[in-house]
file target_38.txt (compact mmCIF, C-alpha atoms)
# COMPACT_ATOMS: atom_id res chain seq x y z
CA MET A 1 90.77 89.93 127.13
CA THR A 2 89.68 89.00 123.62
CA LYS A 3 91.86 87.33 120.99
CA ALA A 4 91.63 90.45 118.81
CA LEU A 5 92.78 92.70 121.66
CA LEU A 6 95.69 90.40 122.50
CA LYS A 7 96.77 90.45 118.85
CA LYS A 8 96.72 94.22 118.85
CA ILE A 9 98.65 94.55 122.10
CA ILE A 10 101.43 92.17 121.07
CA LEU A 11 101.63 93.44 117.49
CA ILE A 12 101.95 97.00 118.78
CA GLY A 13 104.50 95.77 121.29
CA CYS A 14 106.48 94.09 118.52
CA LEU A 15 106.27 96.98 116.13
CA LEU A 16 107.04 99.62 118.66
CA LEU A 17 110.46 98.50 119.05
CA VAL A 18 113.03 99.86 116.77
CA PHE A 19 115.98 101.77 117.86
CA PHE A 20 117.92 104.87 117.94
CA GLY A 21 119.54 108.04 119.07
CA CYS A 22 122.43 108.53 121.56
CA LYS A 23 125.53 110.64 121.95
CA SER A 24 127.21 108.75 119.12
CA THR A 25 124.31 109.17 116.68
CA LYS A 26 123.89 111.42 113.70
CA LYS A 27 121.05 111.82 111.26
CA VAL A 28 121.41 110.12 107.89
CA SER A 29 120.72 112.79 105.31
CA ASP A 30 119.95 112.41 101.63
CA GLY A 31 123.06 112.56 99.47
CA SER A 32 123.52 112.20 95.76
CA VAL A 33 120.80 110.30 93.93
CA ASN A 34 121.33 107.85 91.08
CA LEU A 35 118.14 106.55 89.50
CA LYS A 36 119.91 104.66 86.71
CA LEU A 37 121.16 101.66 88.67
CA SER A 38 120.12 98.13 87.82
CA SER A 39 117.99 96.09 90.21
CA LYS A 40 121.05 93.97 90.99
CA GLU A 41 123.04 97.07 91.97
CA VAL A 42 120.24 98.47 94.15
CA ILE A 43 119.74 95.15 95.93
CA LYS A 44 123.49 94.90 96.55
CA GLU A 45 123.59 98.41 98.04
CA ASN A 46 120.56 97.69 100.21
CA SER A 47 122.18 94.54 101.58
CA LYS A 48 125.17 96.60 102.70
CA THR A 49 122.92 98.65 105.00
CA VAL A 50 121.87 95.72 107.20
CA PRO A 51 122.95 96.70 110.75
CA ASP A 52 125.54 94.54 112.48
CA PHE A 53 125.45 94.47 116.28
CA LYS A 54 125.14 92.00 119.14
CA THR A 55 122.81 93.82 121.54
CA LEU A 56 120.72 96.97 121.52
CA GLN A 57 118.78 98.87 124.13
CA ALA A 58 116.65 101.99 123.80
CA LYS A 59 113.77 104.06 125.10
CA VAL A 60 110.91 104.18 122.62
CA ARG A 61 108.24 106.89 122.72
CA ILE A 62 105.02 105.66 121.15
CA ALA A 63 102.01 107.72 120.08
CA TYR A 64 99.00 105.51 119.33
CA SER A 65 95.64 106.53 117.92
CA GLN A 66 92.55 104.62 116.83
CA GLY A 67 89.28 106.45 116.32
CA ASN A 68 88.72 108.70 119.32
CA ASP A 69 91.30 106.84 121.41
CA SER A 70 94.84 108.23 121.58
CA GLN A 71 97.67 107.38 123.98
CA THR A 72 101.37 108.12 124.39
CA HIS A 73 103.77 105.82 126.25
CA THR A 74 107.48 105.26 126.68
CA VAL A 75 108.79 101.68 126.92
CA SER A 76 112.16 100.09 127.50
CA PHE A 77 113.42 97.90 124.69
CA ARG A 78 116.28 95.42 124.49
CA MET A 79 117.41 93.11 121.74
CA LEU A 80 119.86 90.24 121.55
CA LYS A 81 120.06 90.06 117.79
CA ASP A 82 118.61 86.88 116.26
CA GLN A 83 117.69 85.58 119.72
CA ILE A 84 115.57 87.85 121.94
CA ILE A 85 113.29 90.88 121.66
CA TRP A 86 112.33 92.20 125.11
CA ILE A 87 109.93 95.03 126.02
CA SER A 88 108.89 96.41 129.39
CA SER A 89 106.49 99.23 130.23
CA SER A 90 106.81 101.58 133.19
CA PHE A 91 106.83 99.79 136.55
CA ASN A 92 106.94 96.44 134.69
CA ILE A 93 103.15 96.48 134.31
CA ILE A 94 103.38 94.82 130.90
CA ARG A 95 106.34 92.76 129.75
CA VAL A 96 106.95 90.91 126.48
CA LYS A 97 109.70 88.48 125.53
CA ILE A 98 109.95 87.16 121.98
CA THR A 99 112.35 84.40 120.95
CA PRO A 100 112.60 82.29 117.78
CA GLU A 101 110.56 79.64 119.60
CA LYS A 102 107.69 81.64 121.11
CA VAL A 103 106.07 84.85 122.30
CA SER A 104 105.58 85.35 126.05
CA TYR A 105 103.60 88.17 127.62
CA TYR A 106 102.04 89.20 130.93
CA ASN A 107 99.84 92.07 132.07
CA LYS A 108 99.62 93.03 135.75
CA LEU A 109 96.58 95.22 135.10
CA ASP A 110 94.33 92.19 134.62
CA ASN A 111 96.61 89.40 135.95
CA THR A 112 96.79 87.53 132.64
CA TYR A 113 99.60 85.99 130.61
CA PHE A 114 100.21 84.43 127.20
CA ASP A 115 102.86 81.87 126.30
CA GLY A 116 102.62 80.61 122.73
CA ASP A 117 103.74 80.74 119.11
CA PHE A 118 103.50 83.25 116.25
CA GLN A 119 100.06 82.06 115.14
CA PHE A 120 98.22 85.30 115.89
CA LEU A 121 100.77 87.46 114.04
CA SER A 122 100.70 85.11 111.07
CA GLU A 123 96.90 85.32 110.94
CA LEU A 124 96.97 89.08 111.26
CA LEU A 125 99.33 89.64 108.31
CA GLY A 126 98.07 86.74 106.22
CA THR A 127 101.46 85.06 105.89
CA GLU A 128 103.62 82.79 107.98
CA LEU A 129 105.74 84.84 110.36
CA ASP A 130 108.73 83.90 112.45
CA PHE A 131 111.24 85.70 114.65
CA GLN A 132 113.49 86.64 111.73
CA LYS A 133 110.69 88.34 109.79
CA VAL A 134 109.60 90.33 112.85
CA GLN A 135 113.18 91.40 113.52
CA ASN A 136 113.66 92.44 109.89
CA LEU A 137 110.56 94.60 110.00
CA LEU A 138 111.77 96.36 113.14
CA LEU A 139 115.23 97.05 111.73
CA GLY A 140 114.06 98.40 108.39
CA ILE A 141 115.14 95.26 106.52
CA PRO A 142 112.89 93.76 103.82
CA LEU A 143 110.44 91.32 105.33
CA TYR A 144 111.21 88.90 102.53
CA PRO A 145 114.74 88.92 101.02
CA LEU A 146 115.17 91.07 97.94
CA ASN A 147 116.58 89.41 94.85
CA LYS A 148 116.38 90.18 91.17
CA THR A 149 114.98 86.74 90.36
CA ASP A 150 111.71 87.24 92.26
CA TYR A 151 111.22 91.02 92.05
CA ASN A 152 110.69 93.61 89.36
CA MET A 153 112.13 97.09 89.93
CA SER A 154 110.86 100.40 88.58
CA VAL A 155 111.38 104.08 89.38
CA ASN A 156 108.41 105.80 91.01
CA ASN A 157 108.44 109.32 92.50
CA ASN A 158 112.25 109.37 92.28
CA LYS A 159 112.60 106.23 94.35
CA TYR A 160 113.14 102.55 93.55
CA LEU A 161 109.98 100.44 93.76
CA PHE A 162 110.19 96.66 94.09
CA GLN A 163 107.28 94.27 93.76
CA PRO A 164 107.12 90.50 93.20
CA LYS A 165 107.12 89.22 89.63
CA GLU A 166 104.57 86.61 90.72
CA PRO A 167 101.71 87.47 93.11
CA VAL A 168 102.41 86.46 96.72
CA ALA A 169 99.69 84.24 98.18
CA LEU A 170 97.10 86.18 100.18
CA PHE A 171 98.68 89.64 99.88
CA GLU A 172 100.38 92.19 97.66
CA LEU A 173 103.87 93.33 98.69
CA PHE A 174 105.78 96.50 97.87
CA TYR A 175 109.19 97.85 98.91
CA ILE A 176 110.29 101.45 98.36
CA VAL A 177 114.07 101.95 98.47
CA ASN A 178 115.68 105.35 99.01
CA PRO A 179 118.11 106.05 96.12
CA SER A 180 120.53 108.08 98.25
CA HIS A 181 121.25 105.77 101.22
CA PHE A 182 119.50 102.58 99.91
CA LYS A 183 117.56 101.83 103.09
CA ILE A 184 113.89 100.87 102.86
CA ASP A 185 111.67 103.95 103.05
CA SER A 186 108.45 101.93 103.17
CA GLN A 187 107.14 98.37 103.31
CA GLN A 188 103.53 97.84 102.28
CA LEU A 189 101.33 94.76 102.46
CA ALA A 190 97.79 94.73 101.10
CA GLN A 191 95.23 91.96 101.69
CA THR A 192 92.44 92.86 99.30
CA LEU A 193 90.15 89.95 100.13
CA GLU A 194 90.46 90.68 103.85
CA SER A 195 90.15 94.49 103.36
CA ARG A 196 93.44 94.94 105.23
CA PHE A 197 96.39 97.18 104.54
CA LEU A 198 99.61 97.55 106.52
CA GLN A 199 102.16 100.27 105.78
CA ILE A 200 105.41 100.75 107.69
CA ASP A 201 107.16 104.01 106.84
CA TYR A 202 110.72 104.66 107.98
CA LEU A 203 110.63 108.45 108.15
CA ASN A 204 114.23 109.07 109.21
CA PHE A 205 117.43 107.10 109.67
CA GLN A 206 120.48 107.87 111.76
CA GLU A 207 123.86 106.36 112.50
CA VAL A 208 124.44 104.70 115.86
CA ASP A 209 128.05 103.63 116.33
CA LYS A 210 128.42 103.47 112.52
CA GLU A 211 125.26 101.40 112.11
CA THR A 212 122.33 102.84 110.13
CA LEU A 213 119.05 102.39 111.99
CA PRO A 214 115.54 103.86 111.85
CA GLU A 215 115.04 107.06 113.87
CA ASN A 216 111.29 107.62 113.41
CA MET A 217 108.66 105.20 112.19
CA LYS A 218 105.00 105.46 111.33
CA ILE A 219 102.72 102.46 111.06
CA ILE A 220 99.30 102.66 109.44
CA ALA A 221 97.05 99.62 109.77
CA LEU A 222 93.68 99.56 108.01
CA GLU A 223 91.08 96.88 108.53
CA LYS A 224 87.83 97.61 106.68
CA ASP A 225 86.82 101.06 107.99
CA GLN A 226 89.06 101.05 111.09
CA GLU A 227 92.42 102.84 111.01
CA THR A 228 95.20 102.50 113.59
CA VAL A 229 98.21 104.84 113.52
CA ILE A 230 101.36 104.29 115.58
CA GLU A 231 104.23 106.80 115.58
CA MET A 232 107.55 106.07 117.27
CA ALA A 233 110.61 108.05 118.25
CA PHE A 234 113.73 106.20 119.42
CA LYS A 235 116.11 107.65 121.97
CA SER A 236 118.93 106.78 124.36
CA VAL A 237 120.28 103.90 122.31
CA SER A 238 123.38 101.94 123.18
CA LEU A 239 124.82 99.02 121.25
CA ASN A 240 126.79 95.96 122.29
CA GLN A 241 126.37 96.31 126.04
CA ASP A 242 125.91 93.36 128.40
CA LEU A 243 122.14 93.15 128.92
CA ARG A 244 119.68 91.05 130.89
CA TYR A 245 116.26 89.95 129.63
CA PRO A 246 114.35 89.00 132.80
CA PHE A 247 110.97 87.40 132.33
CA SER A 248 109.00 85.41 134.85
CA ILE A 249 105.23 85.00 134.78
CA PRO A 250 103.86 85.98 138.21
CA SER A 251 102.14 83.23 140.15
CA GLY A 252 98.37 83.16 140.13
CA PHE A 253 97.99 84.78 136.71
CA LYS A 254 95.38 83.41 134.29
CA GLU A 255 96.62 82.01 130.98
CA ILE A 256 95.21 83.40 127.74
CA VAL A 257 94.51 80.57 125.32
CA LEU A 258 93.98 81.46 121.66
CA LYS A 259 91.50 79.30 119.78

call {"tool": "encode", "arguments": {"input": "target_38.txt", "output": "structure tokens"}}
result
Amino acid sequence: MTKALLKKIILIGCLLLVFFGCKSTKKVSDGSVNLKLSSKEVIKENSKTVPDFKTLQAKVRIAYSQGNDSQTHTVSFRMLKDQIIWISSSFNIIRVKITPEKVSYYNKLDNTYFDGDFQFLSELLGTELDFQKVQNLLLGIPLYPLNKTDYNMSVNNNKYLFQPKEPVALFELFYIVNPSHFKIDSQQLAQTLESRFLQIDYLNFQEVDKETLPENMKIIALEKDQETVIEMAFKSVSLNQDLRYPFSIPSGFKEIVLK
């Protein structure tokens, strides 16, 4: 397995994980729109939408396409907020466990495993990543905290657009905030020198036990002339249940070492 393929597998695994839909859910619909708020007011309203829970579990249906290759899978996902992100495919063929300290992964199809840091994700996005940033991305929270000191706000296509006042090293960053419920509709990172572009669109939100969470996501990743599209639908969610996060690398597996 190549380094590039491992990056893709774990990035997809990380990004496929967001959450949502159960008997206590309802779709978050657009309400009244006010496009005359100050950046301070919009940022304050956005901060109120950050979900508050201890644990989350869900089934995530993923449709993946790249060139002529397209696949659809359903994975089990569990989260212990701020501590563990856990993913398992059918029959435990592939399992991923992400903590603030490291990323661990094994694949029974080729008897390999990885046990290391966030280096590959940081290289892929062109900025230093940690557990908190990955979790924010999955929950529809700004990757970097919004504040009126560092960001300019404008109105574009009847939505609030935030971008840094000063260019961020290595990439351009944009947030689009919905003016009715104040969640992030889109996060976009462009690396012009690397010919890379990453766009995460939160297509729908819904309430799960009074918490507002993404319902459907679409990820578009461009690298030069190659486009990868990942679409996700989140079902069977439950919050604040007692969960286990089993992970044990099978004996005899070969370690993947990134250079």

call {"tool": "closest_residue", "arguments": {"input": "target_38.txt", "among": "A:Ile200, A:Met79, A:Leu137, A:Leu213", "to": "Gln241 of chain A", "atoms": "only C-alpha atoms"}}
result
A:Met79

call {"tool": "residues_around", "arguments": {"input": "target_38.txt", "residues": "segment 86-100 of chain A", "least_positions_apart": "3", "cutoff": "9 Å", "atoms": "only C-alpha atoms", "output": "list of chain:residue names"}}
result
A:Ile10, A:Gly13, A:Cys14, A:Leu17, A:His73, A:Thr74, A:Val75, A:Ser76, A:Phe77, A:Arg78, A:Met79, A:Leu80, A:Asp82, A:Gln83, A:Val103, A:Ser104, A:Tyr105, A:Tyr106, A:Asn107, A:Lys108, A:Leu109, A:Asp130, A:Phe131, A:Gln132, A:Tyr245, A:Pro246, A:Phe247

call {"tool": "closest_residue", "arguments": {"input": "target_38.txt", "among": "A:Tyr160, A:Phe114, A:Tyr64, A:Tyr175", "to": "Tyr144 of chain A", "atoms": "only C-alpha atoms"}}
result
A:Tyr175

call {"tool": "atom_distance", "arguments": {"input": "target_38.txt", "atom1": "atom CA of Glu231 of chain A", "atom2": "atom CA of Lys159 of chain A"}}
result
22.8 Å

call {"tool": "atom_distance", "arguments": {"input": "target_38.txt", "atom1": "atom CA of Phe182 of chain A", "atom2": "atom CA of Asn46 of chain A"}}
result
5.0 Å

call {"tool": "residues_around", "arguments": {"input": "target_38.txt", "residues": "Val50 of chain A", "least_positions_apart": "2", "cutoff": "12 Å", "atoms": "all atoms listed in the file", "output": "number ranges by chain"}}
result
A: 43-48, 52-53, 135-142, 145, 181-184, 210-214

call {"tool": "residues_around", "arguments": {"input": "target_38.txt", "residues": "Pro164 of chain A", "least_positions_apart": "3", "cutoff": "8 Å", "atoms": "all atoms listed in the file", "output": "ChimeraX atom specification"}}
result
/A:150-152,167-168,173-174

call {"tool": "residues_around", "arguments": {"input": "target_38.txt", "residues": "Ser195 of chain A", "least_positions_apart": "3", "cutoff": "10 Å", "atoms": "all atoms listed in the file", "output": "PyMOL selection string"}}
result
chain A and resi 190-192+222-225

call {"tool": "residues_near_point", "arguments": {"input": "target_38.txt", "point": "(100.4, 88.4, 136.9)", "cutoff": "7 Å", "atoms": "only C-alpha atoms", "output": "VMD selection string"}}
result
chain A and resid 106 to 108 111 to 113 249 to 253

call {"tool": "atom_distance", "arguments": {"input": "target_38.txt", "atom1": "atom CA of Ser236 of chain A", "atom2": "atom CA of Val60 of chain A"}}
result
8.6 Å

call {"tool": "closest_residue", "arguments": {"input": "target_38.txt", "among": "A:Leu189, A:Phe197, A:Leu239, A:Ser154", "to": "Val177 of chain A", "atoms": "all atoms listed in the file"}}
result
A:Ser154

call {"tool": "closest_residue", "arguments": {"input": "target_38.txt", "among": "A:Leu146, A:Ile62, A:Leu198, A:Leu56", "to": "Ile85 of chain A", "atoms": "all atoms listed in the file"}}
result
A:Leu56

call {"tool": "closest_residue", "arguments": {"input": "target_38.txt", "among": "A:Met153, A:Gln199, A:Leu129, A:Thr49", "to": "Thr228 of chain A", "atoms": "all atoms listed in the file"}}
result
A:Gln199

call {"tool": "build_atoms", "arguments": {"input": "target_38.txt", "residues": "segment 223-235 of chain A", "atoms": "N, CA, C and O atoms", "output": "compact mmCIF listing (two decimals), keeping the file's coordinate frame"}}
result
# COMPACT_ATOMS: atom_id res chain seq x y z
N GLU A 223 91.88 98.10 108.61
CA GLU A 223 91.08 96.88 108.53
C GLU A 223 89.64 97.31 108.33
O GLU A 223 89.00 97.85 109.23
N LYS A 224 89.15 97.13 107.08
CA LYS A 224 87.83 97.61 106.68
C LYS A 224 87.78 99.12 106.92
O LYS A 224 88.55 99.86 106.33
N ASP A 225 86.92 99.61 107.81
CA ASP A 225 86.82 101.06 107.99
C ASP A 225 87.53 101.54 109.25
O ASP A 225 87.37 102.68 109.68
N GLN A 226 88.35 100.68 109.85
CA GLN A 226 89.06 101.05 111.09
C GLN A 226 90.53 101.31 110.80
O GLN A 226 91.20 100.48 110.21
N GLU A 227 91.03 102.46 111.23
CA GLU A 227 92.42 102.84 111.01
C GLU A 227 93.15 102.97 112.35
O GLU A 227 92.66 103.61 113.27
N THR A 228 94.33 102.37 112.42
CA THR A 228 95.20 102.50 113.59
C THR A 228 96.51 103.12 113.13
O THR A 228 97.09 102.69 112.14
N VAL A 229 96.96 104.16 113.85
CA VAL A 229 98.21 104.84 113.52
C VAL A 229 99.13 104.79 114.73
O VAL A 229 98.71 105.14 115.84
N ILE A 230 100.36 104.36 114.51
CA ILE A 230 101.36 104.29 115.58
C ILE A 230 102.59 105.05 115.11
O ILE A 230 103.15 104.76 114.05
N GLU A 231 103.02 106.04 115.89
CA GLU A 231 104.23 106.80 115.58
C GLU A 231 105.24 106.59 116.68
O GLU A 231 104.89 106.60 117.86
N MET A 232 106.51 106.41 116.30
CA MET A 232 107.55 106.07 117.27
C MET A 232 108.79 106.94 117.11
O MET A 232 109.19 107.23 115.99
N ALA A 233 109.34 107.33 118.23
CA ALA A 233 110.61 108.05 118.25
C ALA A 233 111.55 107.28 119.17
O ALA A 233 111.17 106.89 120.27
N PHE A 234 112.80 107.09 118.74
CA PHE A 234 113.73 106.20 119.42
C PHE A 234 114.91 106.98 119.99
O PHE A 234 115.59 107.68 119.24
N LYS A 235 115.11 106.85 121.28
CA LYS A 235 116.11 107.65 121.97
C LYS A 235 116.97 106.78 122.88
O LYS A 235 116.65 105.64 123.18
